[in-house]
file target_1.pdb (PDB, C-alpha atoms)
ATOM      1  CA  MET A   1     -62.715  18.300   3.584  1.00  0.00           C
ATOM      2  CA  ALA A   2     -62.091  18.397   7.324  1.00  0.00           C
ATOM      3  CA  VAL A   3     -65.084  19.236   9.496  1.00  0.00           C
ATOM      4  CA  PRO A   4     -65.470  19.193  13.274  1.00  0.00           C
ATOM      5  CA  HIS A   5     -66.490  15.808  14.640  1.00  0.00           C
ATOM      6  CA  ASN A   6     -69.547  17.221  16.368  1.00  0.00           C
ATOM      7  CA  LEU A   7     -70.983  18.530  13.093  1.00  0.00           C
ATOM      8  CA  VAL A   8     -70.744  15.126  11.419  1.00  0.00           C
ATOM      9  CA  PHE A   9     -72.498  13.485  14.348  1.00  0.00           C
ATOM     10  CA  THR A  10     -75.422  15.880  14.070  1.00  0.00           C
ATOM     11  CA  SER A  11     -75.937  15.449  10.328  1.00  0.00           C
ATOM     12  CA  PRO A  12     -78.287  12.641   9.169  1.00  0.00           C
ATOM     13  CA  THR A  13     -76.482  12.530   5.817  1.00  0.00           C
ATOM     14  CA  GLY A  14     -72.930  13.163   7.006  1.00  0.00           C
ATOM     15  CA  ILE A  15     -73.241  10.389   9.593  1.00  0.00           C
ATOM     16  CA  GLY A  16     -73.089   7.976   6.663  1.00  0.00           C
ATOM     17  CA  ARG A  17     -69.336   8.544   6.716  1.00  0.00           C
ATOM     18  CA  VAL A  18     -69.235   7.027  10.192  1.00  0.00           C
ATOM     19  CA  ALA A  19     -71.194   3.972   9.019  1.00  0.00           C
ATOM     20  CA  ALA A  20     -68.884   3.513   6.026  1.00  0.00           C
ATOM     21  CA  ASP A  21     -65.676   3.842   8.054  1.00  0.00           C
ATOM     22  CA  LEU A  22     -66.893   1.355  10.648  1.00  0.00           C
ATOM     23  CA  MET A  23     -67.900  -1.204   8.019  1.00  0.00           C
ATOM     24  CA  ALA A  24     -64.536  -0.740   6.279  1.00  0.00           C
ATOM     25  CA  SER A  25     -62.596  -1.496   9.460  1.00  0.00           C
ATOM     26  CA  ILE A  26     -62.570  -4.021  12.313  1.00  0.00           C
ATOM     27  CA  PRO A  27     -66.349  -3.945  13.080  1.00  0.00           C
ATOM     28  CA  GLY A  28     -67.169  -4.668   9.438  1.00  0.00           C
ATOM     29  CA  LEU A  29     -64.586  -7.430   9.230  1.00  0.00           C
ATOM     30  CA  VAL A  30     -65.914  -9.157  12.344  1.00  0.00           C
ATOM     31  CA  ALA A  31     -69.494  -8.844  11.063  1.00  0.00           C
ATOM     32  CA  MET A  32     -68.532 -10.476   7.757  1.00  0.00           C
ATOM     33  CA  LEU A  33     -66.619 -13.270   9.506  1.00  0.00           C
ATOM     34  CA  VAL A  34     -69.597 -14.069  11.732  1.00  0.00           C
ATOM     35  CA  LEU A  35     -71.930 -14.063   8.732  1.00  0.00           C
ATOM     36  CA  ALA A  36     -69.595 -16.330   6.771  1.00  0.00           C
ATOM     37  CA  GLY A  37     -69.369 -18.669   9.746  1.00  0.00           C
ATOM     38  CA  GLY A  38     -73.098 -19.265   9.513  1.00  0.00           C
ATOM     39  CA  HIS A  39     -73.664 -18.817   5.791  1.00  0.00           C
ATOM     40  CA  VAL A  40     -70.629 -20.707   4.460  1.00  0.00           C
ATOM     41  CA  ALA A  41     -69.174 -22.877   7.224  1.00  0.00           C
ATOM     42  CA  GLY A  42     -72.738 -23.652   8.289  1.00  0.00           C
ATOM     43  CA  GLU A  43     -73.105 -25.746   5.154  1.00  0.00           C
ATOM     44  CA  TRP A  44     -70.765 -28.285   6.757  1.00  0.00           C
ATOM     45  CA  SER A  45     -72.106 -28.103  10.302  1.00  0.00           C
ATOM     46  CA  GLY A  46     -75.688 -28.206   9.015  1.00  0.00           C
ATOM     47  CA  ARG A  47     -74.887 -31.113   6.644  1.00  0.00           C
ATOM     48  CA  THR A  48     -76.577 -29.374   3.714  1.00  0.00           C
ATOM     49  CA  LEU A  49     -73.614 -29.075   1.355  1.00  0.00           C
ATOM     50  CA  LYS A  50     -73.868 -32.490  -0.303  1.00  0.00           C
ATOM     51  CA  SER A  51     -77.517 -32.031  -1.233  1.00  0.00           C
ATOM     52  CA  LEU A  52     -76.790 -28.574  -2.658  1.00  0.00           C
ATOM     53  CA  LEU A  53     -73.964 -29.875  -4.829  1.00  0.00           C
ATOM     54  CA  MET A  54     -76.123 -32.732  -6.055  1.00  0.00           C
ATOM     55  CA  GLN A  55     -78.561 -30.143  -7.426  1.00  0.00           C
ATOM     56  CA  ASP A  56     -75.814 -27.944  -8.934  1.00  0.00           C
ATOM     57  CA  GLY A  57     -72.273 -29.277  -8.877  1.00  0.00           C
ATOM     58  CA  ARG A  58     -70.594 -26.141 -10.235  1.00  0.00           C
ATOM     59  CA  ARG A  59     -68.375 -25.373  -7.268  1.00  0.00           C
ATOM     60  CA  TRP A  60     -66.943 -22.088  -8.540  1.00  0.00           C
ATOM     61  CA  ARG A  61     -70.497 -20.841  -8.943  1.00  0.00           C
ATOM     62  CA  TRP A  62     -71.190 -21.835  -5.338  1.00  0.00           C
ATOM     63  CA  VAL A  63     -68.164 -19.840  -4.159  1.00  0.00           C
ATOM     64  CA  ALA A  64     -69.151 -16.804  -6.238  1.00  0.00           C
ATOM     65  CA  GLY A  65     -72.680 -17.003  -4.857  1.00  0.00           C
ATOM     66  CA  LYS A  66     -71.458 -17.099  -1.273  1.00  0.00           C
ATOM     67  CA  ILE A  67     -69.109 -14.132  -1.709  1.00  0.00           C
ATOM     68  CA  GLY A  68     -71.715 -12.147  -3.634  1.00  0.00           C
ATOM     69  CA  SER A  69     -74.456 -12.762  -1.097  1.00  0.00           C
ATOM     70  CA  LEU A  70     -72.157 -11.848   1.794  1.00  0.00           C
ATOM     71  CA  TRP A  71     -71.235  -8.630  -0.018  1.00  0.00           C
ATOM     72  CA  LEU A  72     -74.892  -7.689  -0.484  1.00  0.00           C
ATOM     73  CA  VAL A  73     -75.658  -8.397   3.168  1.00  0.00           C
ATOM     74  CA  GLY A  74     -72.647  -6.280   4.173  1.00  0.00           C
ATOM     75  CA  ILE A  75     -73.985  -3.368   2.118  1.00  0.00           C
ATOM     76  CA  ALA A  76     -77.407  -3.812   3.711  1.00  0.00           C
ATOM     77  CA  ILE A  77     -75.807  -3.706   7.173  1.00  0.00           C
ATOM     78  CA  GLU A  78     -73.999  -0.489   6.285  1.00  0.00           C
ATOM     79  CA  LEU A  79     -77.199   1.140   5.046  1.00  0.00           C
ATOM     80  CA  ALA A  80     -79.076  -0.024   8.149  1.00  0.00           C
ATOM     81  CA  LEU A  81     -76.314   1.378  10.352  1.00  0.00           C
ATOM     82  CA  TRP A  82     -76.473   4.663   8.461  1.00  0.00           C
ATOM     83  CA  ALA A  83     -80.242   4.817   8.974  1.00  0.00           C
ATOM     84  CA  ALA A  84     -79.934   4.048  12.691  1.00  0.00           C
ATOM     85  CA  LEU A  85     -77.233   6.656  13.166  1.00  0.00           C
ATOM     86  CA  ALA A  86     -79.252   9.185  11.175  1.00  0.00           C
ATOM     87  CA  LEU A  87     -82.102   8.785  13.653  1.00  0.00           C
ATOM     88  CA  TRP A  88     -79.618   9.187  16.482  1.00  0.00           C
ATOM     89  CA  THR A  89     -78.437  12.558  15.094  1.00  0.00           C
ATOM     90  CA  PHE A  90     -81.801  14.107  15.854  1.00  0.00           C
ATOM     91  CA  ALA A  91     -81.470  13.072  19.493  1.00  0.00           C
ATOM     92  CA  LEU A  92     -77.935  14.454  19.600  1.00  0.00           C
ATOM     93  CA  ARG A  93     -79.116  17.785  18.270  1.00  0.00           C
ATOM     94  CA  ARG A  94     -81.441  18.027  21.248  1.00  0.00           C
ATOM     95  CA  TRP A  95     -79.029  16.797  23.923  1.00  0.00           C
ATOM     96  CA  TRP A  96     -75.815  18.214  22.466  1.00  0.00           C
ATOM     97  CA  PRO A  97     -76.724  21.477  20.700  1.00  0.00           C
ATOM     98  CA  VAL A  98     -74.100  23.027  18.443  1.00  0.00           C
ATOM     99  CA  PRO A  99     -74.093  26.523  16.941  1.00  0.00           C
ATOM    100  CA  ALA A 100     -74.109  25.235  13.345  1.00  0.00           C
ATOM    101  CA  HIS A 101     -75.239  22.188  11.394  1.00  0.00           C
ATOM    102  CA  LEU A 102     -74.132  20.612   8.135  1.00  0.00           C
ATOM    103  CA  GLY A 103     -76.607  20.991   5.319  1.00  0.00           C
ATOM    104  CA  LEU A 104     -78.049  17.798   3.889  1.00  0.00           C
ATOM    105  CA  ALA A 105     -76.177  18.228   0.594  1.00  0.00           C
ATOM    106  CA  HIS A 106     -72.902  19.086   2.337  1.00  0.00           C
ATOM    107  CA  GLY A 107     -73.214  16.081   4.643  1.00  0.00           C
ATOM    108  CA  LEU A 108     -73.998  13.761   1.748  1.00  0.00           C
ATOM    109  CA  GLY A 109     -70.957  15.080  -0.102  1.00  0.00           C
ATOM    110  CA  LEU A 110     -68.795  14.154   2.884  1.00  0.00           C
ATOM    111  CA  ALA A 111     -70.293  10.688   3.246  1.00  0.00           C
ATOM    112  CA  LEU A 112     -70.519   9.405  -0.311  1.00  0.00           C
ATOM    113  CA  PRO A 113     -66.761   9.106  -1.057  1.00  0.00           C
ATOM    114  CA  ASP A 114     -66.234   6.895   2.000  1.00  0.00           C
ATOM    115  CA  VAL A 115     -69.425   4.948   1.307  1.00  0.00           C
ATOM    116  CA  GLY A 116     -68.316   4.295  -2.267  1.00  0.00           C
ATOM    117  CA  ARG A 117     -64.829   3.153  -1.239  1.00  0.00           C
ATOM    118  CA  SER A 118     -66.248   0.949   1.494  1.00  0.00           C
ATOM    119  CA  LEU A 119     -68.018  -1.208  -1.111  1.00  0.00           C
ATOM    120  CA  LEU A 120     -64.691  -2.641  -2.277  1.00  0.00           C
ATOM    121  CA  VAL A 121     -63.544  -3.200   1.301  1.00  0.00           C
ATOM    122  CA  ILE A 122     -66.747  -5.092   2.135  1.00  0.00           C
ATOM    123  CA  ALA A 123     -66.166  -7.273  -0.942  1.00  0.00           C
ATOM    124  CA  VAL A 124     -62.611  -8.007   0.231  1.00  0.00           C
ATOM    125  CA  PHE A 125     -63.865  -8.843   3.729  1.00  0.00           C
ATOM    126  CA  ALA A 126     -66.490 -11.151   2.194  1.00  0.00           C
ATOM    127  CA  ALA A 127     -63.797 -12.962   0.180  1.00  0.00           C
ATOM    128  CA  ILE A 128     -61.508 -13.284   3.221  1.00  0.00           C
ATOM    129  CA  ALA A 129     -64.381 -14.596   5.337  1.00  0.00           C
ATOM    130  CA  THR A 130     -65.439 -17.099   2.674  1.00  0.00           C
ATOM    131  CA  LEU A 131     -61.886 -18.405   2.347  1.00  0.00           C
ATOM    132  CA  ALA A 132     -61.591 -18.762   6.130  1.00  0.00           C
ATOM    133  CA  ALA A 133     -64.901 -20.644   6.265  1.00  0.00           C
ATOM    134  CA  ILE A 134     -63.922 -23.027   3.459  1.00  0.00           C
ATOM    135  CA  LEU A 135     -60.584 -23.757   5.120  1.00  0.00           C
ATOM    136  CA  THR A 136     -61.928 -24.304   8.646  1.00  0.00           C
ATOM    137  CA  HIS A 137     -65.517 -25.572   8.092  1.00  0.00           C
ATOM    138  CA  SER A 138     -66.558 -23.998  11.408  1.00  0.00           C
ATOM    139  CA  MET A 139     -67.974 -20.774  12.800  1.00  0.00           C
ATOM    140  CA  LEU A 140     -65.256 -20.414  15.436  1.00  0.00           C
ATOM    141  CA  GLY A 141     -62.492 -21.223  12.977  1.00  0.00           C
ATOM    142  CA  THR A 142     -63.812 -18.680  10.502  1.00  0.00           C
ATOM    143  CA  VAL A 143     -63.874 -15.852  13.035  1.00  0.00           C
ATOM    144  CA  LEU A 144     -60.575 -16.687  14.705  1.00  0.00           C
ATOM    145  CA  GLY A 145     -58.812 -17.356  11.408  1.00  0.00           C
ATOM    146  CA  GLY A 146     -59.891 -14.075   9.834  1.00  0.00           C
ATOM    147  CA  VAL A 147     -59.125 -12.022  12.935  1.00  0.00           C
ATOM    148  CA  PHE A 148     -55.730 -13.721  13.282  1.00  0.00           C
ATOM    149  CA  VAL A 149     -54.707 -12.942   9.702  1.00  0.00           C
ATOM    150  CA  ILE A 150     -55.867  -9.322   9.654  1.00  0.00           C
ATOM    151  CA  GLY A 151     -54.795  -8.706  13.247  1.00  0.00           C
ATOM    152  CA  GLY A 152     -51.374 -10.105  12.427  1.00  0.00           C
ATOM    153  CA  SER A 153     -51.175  -7.833   9.397  1.00  0.00           C
ATOM    154  CA  MET A 154     -51.974  -4.800  11.536  1.00  0.00           C
ATOM    155  CA  ALA A 155     -49.391  -5.801  14.149  1.00  0.00           C
ATOM    156  CA  MET A 156     -46.705  -6.450  11.529  1.00  0.00           C
ATOM    157  CA  SER A 157     -47.360  -3.066   9.914  1.00  0.00           C
ATOM    158  CA  ASN A 158     -45.817  -1.481  13.022  1.00  0.00           C
ATOM    159  CA  ILE A 159     -42.614  -3.502  12.586  1.00  0.00           C
ATOM    160  CA  ALA A 160     -41.699  -4.392   9.004  1.00  0.00           C
ATOM    161  CA  PHE A 161     -42.958  -5.349   5.554  1.00  0.00           C
ATOM    162  CA  THR A 162     -45.504  -2.544   5.881  1.00  0.00           C
ATOM    163  CA  ARG A 163     -46.036  -1.927   2.179  1.00  0.00           C
ATOM    164  CA  GLU A 164     -46.784  -5.603   1.493  1.00  0.00           C
ATOM    165  CA  LEU A 165     -49.551  -5.918   4.083  1.00  0.00           C
ATOM    166  CA  PRO A 166     -53.350  -5.693   3.636  1.00  0.00           C
ATOM    167  CA  SER A 167     -53.659  -3.234   6.518  1.00  0.00           C
ATOM    168  CA  TYR A 168     -51.451  -0.786   4.589  1.00  0.00           C
ATOM    169  CA  TRP A 169     -53.431  -1.170   1.364  1.00  0.00           C
ATOM    170  CA  LEU A 170     -56.742  -0.619   3.127  1.00  0.00           C
ATOM    171  CA  VAL A 171     -55.505   2.640   4.652  1.00  0.00           C
ATOM    172  CA  GLY A 172     -54.404   3.835   1.221  1.00  0.00           C
ATOM    173  CA  TRP A 173     -57.751   2.978  -0.342  1.00  0.00           C
ATOM    174  CA  MET A 174     -60.000   4.341   2.418  1.00  0.00           C
ATOM    175  CA  ARG A 175     -57.737   7.374   3.000  1.00  0.00           C
ATOM    176  CA  PHE A 176     -57.762   6.973   6.773  1.00  0.00           C
ATOM    177  CA  HIS A 177     -55.789   9.891   8.243  1.00  0.00           C
ATOM    178  CA  ALA A 178     -54.661  11.023   4.811  1.00  0.00           C
ATOM    179  CA  PRO A 179     -52.315  14.060   4.901  1.00  0.00           C
ATOM    180  CA  GLY A 180     -54.503  17.134   4.942  1.00  0.00           C
ATOM    181  CA  GLY A 181     -57.634  14.990   5.156  1.00  0.00           C
ATOM    182  CA  SER A 182     -60.242  14.606   7.845  1.00  0.00           C
ATOM    183  CA  THR A 183     -60.160  12.269  10.813  1.00  0.00           C
ATOM    184  CA  PRO A 184     -61.581   8.803  10.114  1.00  0.00           C
ATOM    185  CA  TYR A 185     -64.274   7.173  12.213  1.00  0.00           C
ATOM    186  CA  ALA A 186     -62.680   3.744  11.900  1.00  0.00           C
ATOM    187  CA  LEU A 187     -61.146   1.113  14.165  1.00  0.00           C
ATOM    188  CA  TRP A 188     -58.005   0.358  12.175  1.00  0.00           C
ATOM    189  CA  ASN A 189     -54.248   0.725  12.521  1.00  0.00           C
ATOM    190  CA  ASP A 190     -53.151   3.631  10.336  1.00  0.00           C
ATOM    191  CA  LYS A 191     -49.850   4.368  12.091  1.00  0.00           C
ATOM    192  CA  PHE A 192     -46.688   3.123  10.402  1.00  0.00           C
ATOM    193  CA  PRO A 193     -42.969   3.070  11.303  1.00  0.00           C
ATOM    194  CA  PRO A 194     -40.927   6.249  10.701  1.00  0.00           C
ATOM    195  CA  GLY A 195     -39.834   6.593   7.110  1.00  0.00           C
ATOM    196  CA  VAL A 196     -42.754   4.638   5.670  1.00  0.00           C
ATOM    197  CA  PRO A 197     -44.722   6.956   3.342  1.00  0.00           C
ATOM    198  CA  TYR A 198     -48.470   7.231   3.505  1.00  0.00           C
ATOM    199  CA  PRO A 199     -49.925   4.746   0.977  1.00  0.00           C
ATOM    200  CA  SER A 200     -51.078   6.259  -2.285  1.00  0.00           C
ATOM    201  CA  LEU A 201     -54.540   5.665  -3.698  1.00  0.00           C
ATOM    202  CA  ILE A 202     -52.996   3.574  -6.494  1.00  0.00           C
ATOM    203  CA  ILE A 203     -51.238   1.295  -3.997  1.00  0.00           C
ATOM    204  CA  GLY A 204     -54.489   1.022  -2.076  1.00  0.00           C
ATOM    205  CA  ILE A 205     -56.710   0.013  -4.973  1.00  0.00           C
ATOM    206  CA  VAL A 206     -54.150  -2.321  -6.573  1.00  0.00           C
ATOM    207  CA  GLY A 207     -53.543  -4.026  -3.235  1.00  0.00           C
ATOM    208  CA  MET A 208     -57.223  -4.381  -2.378  1.00  0.00           C
ATOM    209  CA  VAL A 209     -58.247  -5.642  -5.823  1.00  0.00           C
ATOM    210  CA  GLY A 210     -55.309  -8.058  -5.822  1.00  0.00           C
ATOM    211  CA  LEU A 211     -56.218  -9.323  -2.355  1.00  0.00           C
ATOM    212  CA  PHE A 212     -59.825  -9.838  -3.426  1.00  0.00           C
ATOM    213  CA  ALA A 213     -58.763 -11.778  -6.533  1.00  0.00           C
ATOM    214  CA  LEU A 214     -56.349 -13.913  -4.501  1.00  0.00           C
ATOM    215  CA  CYS A 215     -58.960 -14.817  -1.879  1.00  0.00           C
ATOM    216  CA  VAL A 216     -61.540 -15.666  -4.546  1.00  0.00           C
ATOM    217  CA  ALA A 217     -59.034 -17.851  -6.403  1.00  0.00           C
ATOM    218  CA  LEU A 218     -57.902 -19.653  -3.255  1.00  0.00           C
ATOM    219  CA  SER A 219     -61.502 -20.162  -2.149  1.00  0.00           C
ATOM    220  CA  GLY A 220     -62.456 -21.675  -5.490  1.00  0.00           C
ATOM    221  CA  LEU A 221     -59.388 -23.901  -5.711  1.00  0.00           C
ATOM    222  CA  GLN A 222     -59.737 -25.127  -2.136  1.00  0.00           C
ATOM    223  CA  PHE A 223     -63.448 -25.824  -2.466  1.00  0.00           C
ATOM    224  CA  ALA A 224     -62.944 -27.566  -5.827  1.00  0.00           C
ATOM    225  CA  ARG A 225     -60.622 -30.102  -4.189  1.00  0.00           C
ATOM    226  CA  THR A 226     -62.664 -30.514  -1.000  1.00  0.00           C
ATOM    227  CA  ASP A 227     -64.154 -33.970  -0.542  1.00  0.00           C
ATOM    228  CA  VAL A 228     -67.804 -33.440   0.416  1.00  0.00           C
ATOM    229  CA  THR A 229     -69.144 -36.518   2.165  1.00  0.00           C
ATOM    230  CA  VAL A 230     -71.978 -35.103   4.238  1.00  0.00           C
TER
END
call {"tool": "encode", "arguments": {"input": "target_1.pdb", "output": "structure tokens"}}
result
Amino acid sequence: MAVPHNLVFTSPTGIGRVAADLMASIPGLVAMLVLAGGHVAGEWSGRTLKSLLMQDGRRWRWVAGKIGSLWLVGIAIELALWAALALWTFALRRWWPVPAHLGLAHGLGLALPDVGRSLLVIAVFAAIATLAAILTHSMLGTVLGGVFVIGGSMAMSNIAFTRELPSYWLVGWMRFHAPGGSTPYALWNDKFPPGVPYPSLIIGIVGMVGLFALCVALSGLQFARTDVTV
């Protein structure tokens, strides 16, 4: 349901849609990469990995734990952002009065679909960030590697191979600028070359789930063959 932007920004429940769209786009990706740089790659820079594996050498469990914990932190960040923005709506109502407001139930109905879909995106970002951290073993490498891959995907989606790129799948899943839908509050490329159809929800969920599974598998395989000497 399309609603004016100003109404969403004055609704403490509807503003959750803004939090979800931001966490399911570039700001959320960068946040997850930074967290993975400290939480995953930090095991190498902090020289704590060897002692952890001596206590529990199940490496696939270690990978699952890292991805799962990053996902939970990402959800917590989204909820905290929603709460902060909800407080901000009361200030906006005073400084930027509008003739009508969204009811709490109506606003929640607008926010929950995006919030629910964002949970999968945060999981995918956590898996991408974990893979980048395992490959690079550094904070800087994690951030630059993840941004390079996703940024390259977004750039390529304007040229060719659009339907095979993660940026295309994410748009289909999150329904950014869906035909007849409302305007997203995201920082993401959702413009494609002429002739490329808008991604369906099926393409979106299959692509995102497949990308998540691929990143988890690559993370586990890479970490299983990594020689830990520190």
call {"tool": "resolve_selection", "arguments": {"input": "target_1.pdb", "expression": "the PyMOL selection byres ((chain A and resi 15) around 8)", "output": "PDB file with C-alpha atoms, keeping the file's coordinate frame"}}
result
ATOM      1  CA  VAL A   8     -70.744  15.126  11.419  1.00  0.00           C
ATOM      2  CA  PHE A   9     -72.498  13.485  14.348  1.00  0.00           C
ATOM      3  CA  THR A  10     -75.422  15.880  14.070  1.00  0.00           C
ATOM      4  CA  SER A  11     -75.937  15.449  10.328  1.00  0.00           C
ATOM      5  CA  PRO A  12     -78.287  12.641   9.169  1.00  0.00           C
ATOM      6  CA  THR A  13     -76.482  12.530   5.817  1.00  0.00           C
ATOM      7  CA  GLY A  14     -72.930  13.163   7.006  1.00  0.00           C
ATOM      8  CA  GLY A  16     -73.089   7.976   6.663  1.00  0.00           C
ATOM      9  CA  ARG A  17     -69.336   8.544   6.716  1.00  0.00           C
ATOM     10  CA  VAL A  18     -69.235   7.027  10.192  1.00  0.00           C
ATOM     11  CA  ALA A  19     -71.194   3.972   9.019  1.00  0.00           C
ATOM     12  CA  TRP A  82     -76.473   4.663   8.461  1.00  0.00           C
ATOM     13  CA  LEU A  85     -77.233   6.656  13.166  1.00  0.00           C
ATOM     14  CA  ALA A  86     -79.252   9.185  11.175  1.00  0.00           C
ATOM     15  CA  THR A  89     -78.437  12.558  15.094  1.00  0.00           C
ATOM     16  CA  GLY A 107     -73.214  16.081   4.643  1.00  0.00           C
ATOM     17  CA  ALA A 111     -70.293  10.688   3.246  1.00  0.00           C
TER      18      ALA A 111
END
call {"tool": "resolve_selection", "arguments": {"input": "target_1.pdb", "expression": "the PyMOL selection byres ((chain A and resi 126-130) around 7)", "output": "PyMOL selection string"}}
result
chain A and resi 32-33+36+40+67+70-71+122-125+131-134+142+146+212+215-216+219
call {"tool": "closest_residue", "arguments": {"input": "target_1.pdb", "among": "A:Phe223, A:Leu7, A:Ser182, A:Pro194", "to": "A:Ala64", "atoms": "only C-alpha atoms"}}
result
A:Phe223
call {"tool": "resolve_selection", "arguments": {"input": "target_1.pdb", "expression": "the PyMOL selection byres ((chain A and resi 207) around 9)", "output": "PyMOL selection string"}}
result
chain A and resi 164-166+168-170+173+202-206+208-212
call {"tool": "atom_distance", "arguments": {"input": "target_1.pdb", "atom1": "atom CA of A:Gly220", "atom2": "atom CA of A:Asp56"}}
result
15.2 Å
call {"tool": "atom_distance", "arguments": {"input": "target_1.pdb", "atom1": "atom CA of A:Asp227", "atom2": "atom CA of A:Leu29"}}
result
28.3 Å
call {"tool": "atom_distance", "arguments": {"input": "target_1.pdb", "atom1": "atom CA of A:Arg117", "atom2": "atom CA of A:Gly152"}}
result
23.3 Å
call {"tool": "closest_residue", "arguments": {"input": "target_1.pdb", "among": "A:Ala83, A:Leu218, A:Leu140, A:Val228", "to": "A:Gly37", "atoms": "all atoms listed in the file"}}
result
A:Leu140
call {"tool": "closest_residue", "arguments": {"input": "target_1.pdb", "among": "A:Ala84, A:Ile75, A:Ala186, A:Met139", "to": "A:Glu43", "atoms": "all atoms listed in the file"}}
result
A:Met139
call {"tool": "closest_residue", "arguments": {"input": "target_1.pdb", "among": "A:Ser45, A:Gly195, A:Val63, A:Ser51", "to": "A:Ala217", "atoms": "only C-alpha atoms"}}
result
A:Val63
